[in-house]
$ cat input_10.txt   # compact mmCIF, C-alpha atoms
# COMPACT_ATOMS: atom_id res chain seq x y z
CA MET A 829 101.92 109.65 47.60
CA GLY A 830 100.36 106.99 49.79
CA GLU A 831 98.35 107.53 52.93
CA ALA A 832 100.22 108.69 56.03
CA LEU A 833 101.80 105.93 58.13
CA VAL A 834 100.54 107.57 61.32
CA LEU A 835 97.22 109.37 61.59
CA CYS A 836 96.28 111.77 64.38
CA ASP A 837 92.84 113.09 65.23
CA VAL A 838 92.48 115.62 68.05
CA THR A 839 89.08 116.24 69.62
CA GLU A 840 89.16 118.86 72.36
CA ASP A 841 91.88 117.58 74.74
CA ILE A 842 92.23 113.97 73.50
CA ALA A 843 94.52 112.91 70.64
CA VAL A 844 93.91 109.58 68.89
CA VAL A 845 97.03 108.30 67.14
CA THR A 846 96.55 105.47 64.63
CA LEU A 847 99.30 103.19 63.34
CA ASN A 848 98.34 103.05 59.67
CA ARG A 849 99.95 100.07 57.93
CA PRO A 850 96.96 97.71 58.05
CA LYS A 851 98.11 95.52 55.14
CA ALA A 852 101.40 94.93 56.98
CA LEU A 853 99.64 94.39 60.33
CA ASN A 854 101.00 97.78 61.46
CA ALA A 855 104.53 96.39 61.61
CA LEU A 856 106.99 99.00 62.89
CA SER A 857 108.89 99.80 59.72
CA ASP A 858 111.57 102.47 59.58
CA GLY A 859 109.02 104.85 58.08
CA LEU A 860 106.37 104.12 60.70
CA LEU A 861 108.84 104.54 63.57
CA ALA A 862 109.99 107.88 62.15
CA ALA A 863 106.42 109.11 61.68
CA LEU A 864 105.41 107.96 65.17
CA LYS A 865 108.36 109.77 66.74
CA VAL A 866 107.43 113.01 64.98
CA GLU A 867 103.76 112.73 65.94
CA LEU A 868 104.42 111.93 69.60
CA GLY A 869 106.92 114.78 69.81
CA ARG A 870 104.38 117.20 68.35
CA ILE A 871 101.70 116.05 70.79
CA ALA A 872 104.05 116.24 73.78
CA ALA A 873 104.61 119.94 73.03
CA ASP A 874 100.87 120.69 72.84
CA GLU A 875 99.68 121.74 76.29
CA ARG A 876 96.03 121.58 75.19
CA ILE A 877 96.18 117.78 74.92
CA LYS A 878 95.72 115.82 78.15
CA VAL A 879 95.32 112.23 76.92
CA VAL A 880 96.67 110.25 73.97
CA VAL A 881 95.13 107.04 72.64
CA ILE A 882 97.36 104.81 70.47
CA ARG A 883 95.59 102.27 68.27
CA GLY A 884 96.13 100.24 65.10
CA ALA A 885 94.24 100.38 61.82
CA GLY A 886 92.80 97.21 60.32
CA LYS A 887 92.69 93.75 61.86
CA VAL A 888 95.37 94.07 64.55
CA PHE A 889 97.09 96.53 66.87
CA CYS A 890 100.72 95.84 65.94
CA ALA A 891 102.69 92.78 64.84
CA GLY A 892 106.08 94.07 65.94
CA HIS A 893 109.06 94.94 63.76
CA ASP A 894 108.93 94.62 59.98
CA LEU A 895 110.84 91.36 59.45
CA LYS A 896 111.12 91.77 55.66
CA GLU A 897 112.71 95.17 56.14
CA MET A 898 115.02 93.76 58.79
CA GLN A 899 116.16 90.97 56.46
CA ALA A 900 116.83 93.52 53.73
CA GLY A 901 119.08 95.33 56.20
CA ARG A 902 121.51 92.39 56.10
CA ALA A 903 122.70 93.39 52.60
CA THR A 904 125.68 95.35 53.87
CA GLU A 905 129.32 94.55 54.48
CA ASP A 906 128.71 94.22 58.22
CA LYS A 907 125.68 91.94 57.58
CA GLY A 908 123.32 94.52 59.02
CA ALA A 909 125.00 95.06 62.40
CA ALA A 910 124.96 98.86 62.19
CA TYR A 911 121.41 98.91 60.82
CA PHE A 912 120.11 96.60 63.54
CA ALA A 913 121.80 98.63 66.29
CA ASP A 914 120.26 101.80 64.90
CA LEU A 915 116.83 100.21 64.51
CA PHE A 916 116.61 98.94 68.07
CA SER A 917 117.97 102.26 69.38
CA ARG A 918 115.33 104.22 67.45
CA CYS A 919 112.55 101.91 68.62
CA GLY A 920 113.76 102.08 72.24
CA GLU A 921 113.83 105.87 72.03
CA ILE A 922 110.14 105.94 71.08
CA MET A 923 109.22 103.49 73.84
CA GLN A 924 110.97 105.79 76.32
CA MET A 925 109.23 108.87 74.91
CA ILE A 926 105.84 107.57 75.99
CA PRO A 927 106.35 107.58 79.78
CA GLN A 928 108.22 110.89 79.41
CA MET A 929 105.32 112.60 77.64
CA PRO A 930 103.32 114.97 79.86
CA GLN A 931 100.07 113.44 78.59
CA VAL A 932 98.53 110.20 79.81
CA VAL A 933 98.94 107.59 77.05
CA ILE A 934 96.42 104.74 76.64
CA ALA A 935 96.86 101.80 74.26
CA GLN A 936 93.66 100.66 72.51
CA VAL A 937 94.50 97.06 71.60
CA HIS A 938 92.76 94.57 69.33
CA GLY A 939 93.63 91.47 67.34
CA ILE A 940 97.25 90.82 68.29
CA ALA A 941 100.08 92.73 69.95
CA THR A 942 103.27 90.82 69.37
CA ALA A 943 106.98 91.41 70.01
CA ALA A 944 107.61 95.17 69.64
CA GLY A 945 103.82 95.60 69.41
CA CYS A 946 103.50 94.06 72.87
CA GLN A 947 106.40 96.29 73.92
CA LEU A 948 104.38 99.31 72.77
CA VAL A 949 101.39 98.23 74.89
CA ALA A 950 103.66 97.75 77.91
CA SER A 951 105.24 101.18 77.35
CA CYS A 952 101.90 103.00 77.52
CA ASP A 953 100.60 104.30 80.84
CA MET A 954 97.39 102.26 80.55
CA ALA A 955 95.82 99.82 78.11
CA VAL A 956 92.33 98.68 77.15
CA ALA A 957 91.92 95.55 75.00
CA SER A 958 89.12 93.74 73.25
CA ALA A 959 88.27 90.34 74.68
CA GLU A 960 89.73 88.39 71.75
CA THR A 961 93.15 90.10 71.78
CA LYS A 962 96.27 87.93 71.98
CA PHE A 963 99.59 89.16 73.39
CA GLY A 964 103.01 87.65 72.82
CA VAL A 965 106.74 88.23 72.74
CA ASN A 966 107.21 85.40 70.30
CA GLY A 967 110.52 86.25 68.64
CA VAL A 968 112.06 83.16 70.23
CA ASN A 969 109.91 81.06 67.86
CA ILE A 970 111.99 82.33 64.92
CA GLY A 971 115.30 82.39 66.77
CA LEU A 972 115.25 86.02 67.94
CA PHE A 973 114.84 86.51 71.69
CA CYS A 974 112.70 89.61 72.36
CA SER A 975 115.36 91.32 74.47
CA THR A 976 114.29 94.93 73.90
CA PRO A 977 110.54 94.20 74.33
CA MET A 978 111.60 92.43 77.54
CA VAL A 979 112.55 95.79 79.10
CA ALA A 980 109.00 97.15 79.02
CA LEU A 981 107.43 93.75 79.67
CA THR A 982 109.39 93.11 82.87
CA ARG A 983 108.34 96.53 84.16
CA ASN A 984 104.70 95.48 83.86
CA LEU A 985 104.50 91.75 84.57
CA PRO A 986 105.67 89.58 87.46
CA ARG A 987 109.10 88.15 86.70
CA LYS A 988 108.17 84.50 86.20
CA GLN A 989 105.20 85.26 83.94
CA ALA A 990 107.35 87.55 81.78
CA PHE A 991 110.11 84.95 81.56
CA GLU A 992 107.63 82.25 80.54
CA MET A 993 106.25 84.42 77.73
CA LEU A 994 109.74 85.28 76.51
CA THR A 995 111.11 81.72 76.51
CA THR A 996 108.06 79.81 75.25
CA GLY A 997 106.85 82.32 72.66
CA GLU A 998 103.29 81.42 73.64
CA PHE A 999 100.47 83.94 73.43
CA ILE A 1000 98.33 84.96 76.37
CA ASN A 1001 94.73 86.09 76.10
CA ALA A 1002 93.24 89.34 77.37
CA THR A 1003 92.10 87.80 80.64
CA ARG A 1004 95.61 86.64 81.54
CA ALA A 1005 97.06 89.94 80.31
CA ARG A 1006 94.84 91.77 82.77
CA GLU A 1007 95.68 89.35 85.58
CA PHE A 1008 99.40 89.86 84.90
CA GLY A 1009 99.07 93.66 84.83
CA LEU A 1010 99.78 94.22 81.13
CA ILE A 1011 96.38 95.81 80.51
CA ASN A 1012 93.91 97.66 82.72
CA ARG A 1013 90.56 96.76 81.19
CA ILE A 1014 88.90 94.34 78.80
CA ALA A 1015 86.22 95.97 76.67
CA SER A 1016 82.98 94.08 77.06
CA GLU A 1017 81.42 95.37 73.83
CA ASP A 1018 82.74 98.48 72.07
CA LEU A 1019 86.53 98.80 72.38
CA GLU A 1020 86.71 102.28 70.90
CA ARG A 1021 83.89 103.59 73.09
CA GLU A 1022 85.23 102.06 76.29
CA THR A 1023 88.76 103.34 75.61
CA LEU A 1024 87.39 106.81 74.92
CA ASP A 1025 85.34 106.67 78.14
CA LEU A 1026 88.56 106.07 80.08
CA ALA A 1027 90.34 108.82 78.15
CA GLN A 1028 87.52 111.27 78.85
CA THR A 1029 87.51 110.40 82.56
CA VAL A 1030 91.22 111.20 82.77
CA ALA A 1031 90.88 114.29 80.55
CA GLY A 1032 88.28 115.65 82.96
CA LYS A 1033 90.96 116.14 85.62
CA LEU A 1034 93.15 119.22 86.06
CA GLY A 1035 95.76 119.08 83.31
CA ALA A 1036 98.55 120.53 85.44
CA ALA A 1037 97.94 117.91 88.13
CA LEU A 1038 98.07 115.12 85.53
CA ARG A 1039 101.37 116.40 84.14
CA ILE A 1040 102.93 116.76 87.58
CA GLY A 1041 101.57 113.40 88.71
CA LYS A 1042 102.71 111.41 85.70
CA ARG A 1043 106.21 112.84 85.95
CA ALA A 1044 106.36 112.00 89.66
CA PHE A 1045 104.97 108.50 89.08
CA TYR A 1046 107.89 107.50 86.87
CA ASP A 1047 110.49 109.49 88.80
CA GLN A 1048 109.72 107.79 92.11
CA ILE A 1049 109.00 104.25 91.00
CA ASP A 1050 112.59 102.97 91.17
CA LEU A 1051 113.75 105.08 94.12
CA PRO A 1052 114.37 103.65 97.59
CA LEU A 1053 111.38 104.20 99.89
CA ALA A 1054 112.74 107.18 101.84
CA GLN A 1055 113.91 108.95 98.68
CA ALA A 1056 110.57 108.27 97.00
CA TYR A 1057 108.70 109.94 99.88
CA ALA A 1058 111.09 112.90 99.90
CA HIS A 1059 110.71 113.36 96.16
CA THR A 1060 106.93 113.04 96.07
CA GLY A 1061 106.57 115.30 99.11
CA ALA A 1062 108.27 118.07 97.15
CA VAL A 1063 106.01 117.30 94.19
CA MET A 1064 102.94 117.62 96.42
CA VAL A 1065 104.14 121.05 97.51
CA GLU A 1066 104.53 122.07 93.85
CA ASN A 1067 101.02 120.83 93.12
CA MET A 1068 99.46 122.49 96.19
CA LEU A 1069 100.83 125.88 95.16
CA LEU A 1070 98.98 125.86 91.85
CA ARG A 1071 96.15 128.38 91.61
CA ASP A 1072 93.77 125.72 90.21
CA THR A 1073 94.56 123.26 93.00
CA ASP A 1074 93.64 125.93 95.54
CA GLU A 1075 90.40 126.48 93.61
CA GLY A 1076 89.70 122.75 93.34
CA ILE A 1077 90.02 122.17 97.07
CA ALA A 1078 87.94 125.26 97.89
CA ALA A 1079 85.22 124.11 95.47
CA PHE A 1080 85.13 120.65 97.08
CA ILE A 1081 84.76 122.15 100.56
CA GLU A 1082 82.08 124.54 99.32
CA LYS A 1083 80.27 121.78 97.40
CA ARG A 1084 80.44 123.46 93.97
CA ARG A 1085 82.14 122.90 90.62
CA PRO A 1086 85.70 124.24 90.43
CA ASP A 1087 86.40 127.25 88.23
CA TRP A 1088 89.66 126.02 86.74
CA ALA A 1089 91.63 128.38 84.55
$ encode --input "input_10.txt" --output "structure tokens"
Amino acid sequence: MGEALVLCDVTEDIAVVTLNRPKALNALSDGLLAALKVELGRIAADERIKVVVIRGAGKVFCAGHDLKEMQAGRATEDKGAAYFADLFSRCGEIMQMIPQMPQVVIAQVHGIATAAGCQLVASCDMAVASAETKFGVNGVNIGLFCSTPMVALTRNLPRKQAFEMLTTGEFINATRAREFGLINRIASEDLERETLDLAQTVAGKLGAALRIGKRAFYDQIDLPLAQAYAHTGAVMVENMLLRDTDEGIAAFIEKRRPDWA
């Protein structure tokens, strides 16, 4: 048997998930998508884990869907229609899993993140990239408009910038990706170290507060203003009633470290 398509290493409360098809530029094959879904589901159920880092093995983060596999899917009576519908549904399900996970998910991006690979970056809660990274939704260059990657992209970037990327197929560099809001940080030297520093900063917070806060972040983001305040007010009450929040506030007032359970 070959090496696993997705690797996971857990250190204390941080899980590092590695897309492991380096020879195929970590293209999202059927097998890789299935393995990633299983791994993310397992992590989501583990209350010990606070932060997840998603990265790619080898030269690049992720080059999108596996085009050779997609072409092979045409060899059916319906010319691949059922296979394509299932593929994009399965991929979309994973992209939706990420914001629904109770953990904070950070993309660690290098090389290139194209098409569904760029979609994966946009689906994560945060992203750190090396300075040389290129981002693109370049399916239009081969006659396939990146319609499903567009969903995550347009929820990160300003409308006109997203539309330009989608219709020109041109790549943007890490500096523009940060300016547009696709990534949070550009690593000045050591991408792995700087991503882990961010992960450790987040993991140092109260886990229950992170879970409550992430859920509220996505729940409120598309609500009208009054409904958003009503919803998040109720969430604040839920958070305030936690034993460890009481302890955290008391410790701050008393100028000591909190004794979180």
$ residues_around --input "input_10.txt" --residues "A:Asn1067" --least-positions-apart "4" --cutoff "7 Å" --atoms "all atoms listed in the file" --output "ChimeraX atom specification"
/A:1037,1063,1073
$ residues_near_point --input "input_10.txt" --point "(109.6, 111.3, 98.1)" --cutoff "12 Å" --atoms "only C-alpha atoms" --output "PyMOL selection string"
chain A and resi 1044-1065
$ residues_around --input "input_10.txt" --residues "A:Gly884" --least-positions-apart "4" --cutoff "12 Å" --atoms "all atoms listed in the file" --output "PyMOL selection string"
chain A and resi 833-836+844-856+860+888-892+935-941+945+948-949+957+1020
$ closest_residue --input "input_10.txt" --among "A:Gly997, A:Glu1066, A:Glu905, A:Met925" --to "A:Gly1041" --atoms "only C-alpha atoms"
A:Glu1066
$ closest_residue --input "input_10.txt" --among "A:Gln899, A:Ala955, A:Ile842, A:Ala943" --to "A:Asn969" --atoms "all atoms listed in the file"
A:Ala943
$ closest_residue --input "input_10.txt" --among "A:Met923, A:Ala885, A:Ile1040, A:Leu1034" --to "A:Asp1074" --atoms "only C-alpha atoms"
A:Leu1034
$ atom_distance --input "input_10.txt" --atom1 "atom CA of A:Gly964" --atom2 "atom CA of A:Thr996"
9.6 Å
$ residues_around --input "input_10.txt" --residues "A:Arg1021" --least-positions-apart "4" --cutoff "12 Å" --atoms "all atoms listed in the file" --output "tab-separated table (two decimals) with C-alpha atoms, in the frame of the given file"
chain	number	residue	atom	x	y	z
A	881	VAL	CA	95.13	107.04	72.64
A	936	GLN	CA	93.66	100.66	72.51
A	956	VAL	CA	92.33	98.68	77.15
A	957	ALA	CA	91.92	95.55	75.00
A	958	SER	CA	89.12	93.74	73.25
A	1014	ILE	CA	88.90	94.34	78.80
A	1015	ALA	CA	86.22	95.97	76.67
A	1016	SER	CA	82.98	94.08	77.06
A	1017	GLU	CA	81.42	95.37	73.83
A	1025	ASP	CA	85.34	106.67	78.14
A	1026	LEU	CA	88.56	106.07	80.08
A	1027	ALA	CA	90.34	108.82	78.15
A	1028	GLN	CA	87.52	111.27	78.85
$ atom_distance --input "input_10.txt" --atom1 "atom CA of A:Tyr911" --atom2 "atom CA of A:Arg870"
26.1 Å
$ residues_around --input "input_10.txt" --residues "A:Met929" --least-positions-apart "4" --cutoff "12 Å" --atoms "all atoms listed in the file" --output "compact mmCIF listing (two decimals) with C-alpha atoms, keeping the file's coordinate frame"
# COMPACT_ATOMS: atom_id res chain seq x y z
CA LYS A 865 108.36 109.77 66.74
CA GLU A 867 103.76 112.73 65.94
CA LEU A 868 104.42 111.93 69.60
CA GLY A 869 106.92 114.78 69.81
CA ARG A 870 104.38 117.20 68.35
CA ILE A 871 101.70 116.05 70.79
CA ALA A 872 104.05 116.24 73.78
CA ALA A 873 104.61 119.94 73.03
CA ASP A 874 100.87 120.69 72.84
CA GLU A 875 99.68 121.74 76.29
CA ILE A 877 96.18 117.78 74.92
CA LYS A 878 95.72 115.82 78.15
CA VAL A 879 95.32 112.23 76.92
CA VAL A 880 96.67 110.25 73.97
CA ILE A 922 110.14 105.94 71.08
CA MET A 923 109.22 103.49 73.84
CA GLN A 924 110.97 105.79 76.32
CA MET A 925 109.23 108.87 74.91
CA VAL A 933 98.94 107.59 77.05
CA ILE A 934 96.42 104.74 76.64
CA SER A 951 105.24 101.18 77.35
CA CYS A 952 101.90 103.00 77.52
CA ASP A 953 100.60 104.30 80.84
CA LEU A 1038 98.07 115.12 85.53
CA ARG A 1039 101.37 116.40 84.14
CA ILE A 1040 102.93 116.76 87.58
CA GLY A 1041 101.57 113.40 88.71
CA LYS A 1042 102.71 111.41 85.70
CA ARG A 1043 106.21 112.84 85.95
CA TYR A 1046 107.89 107.50 86.87
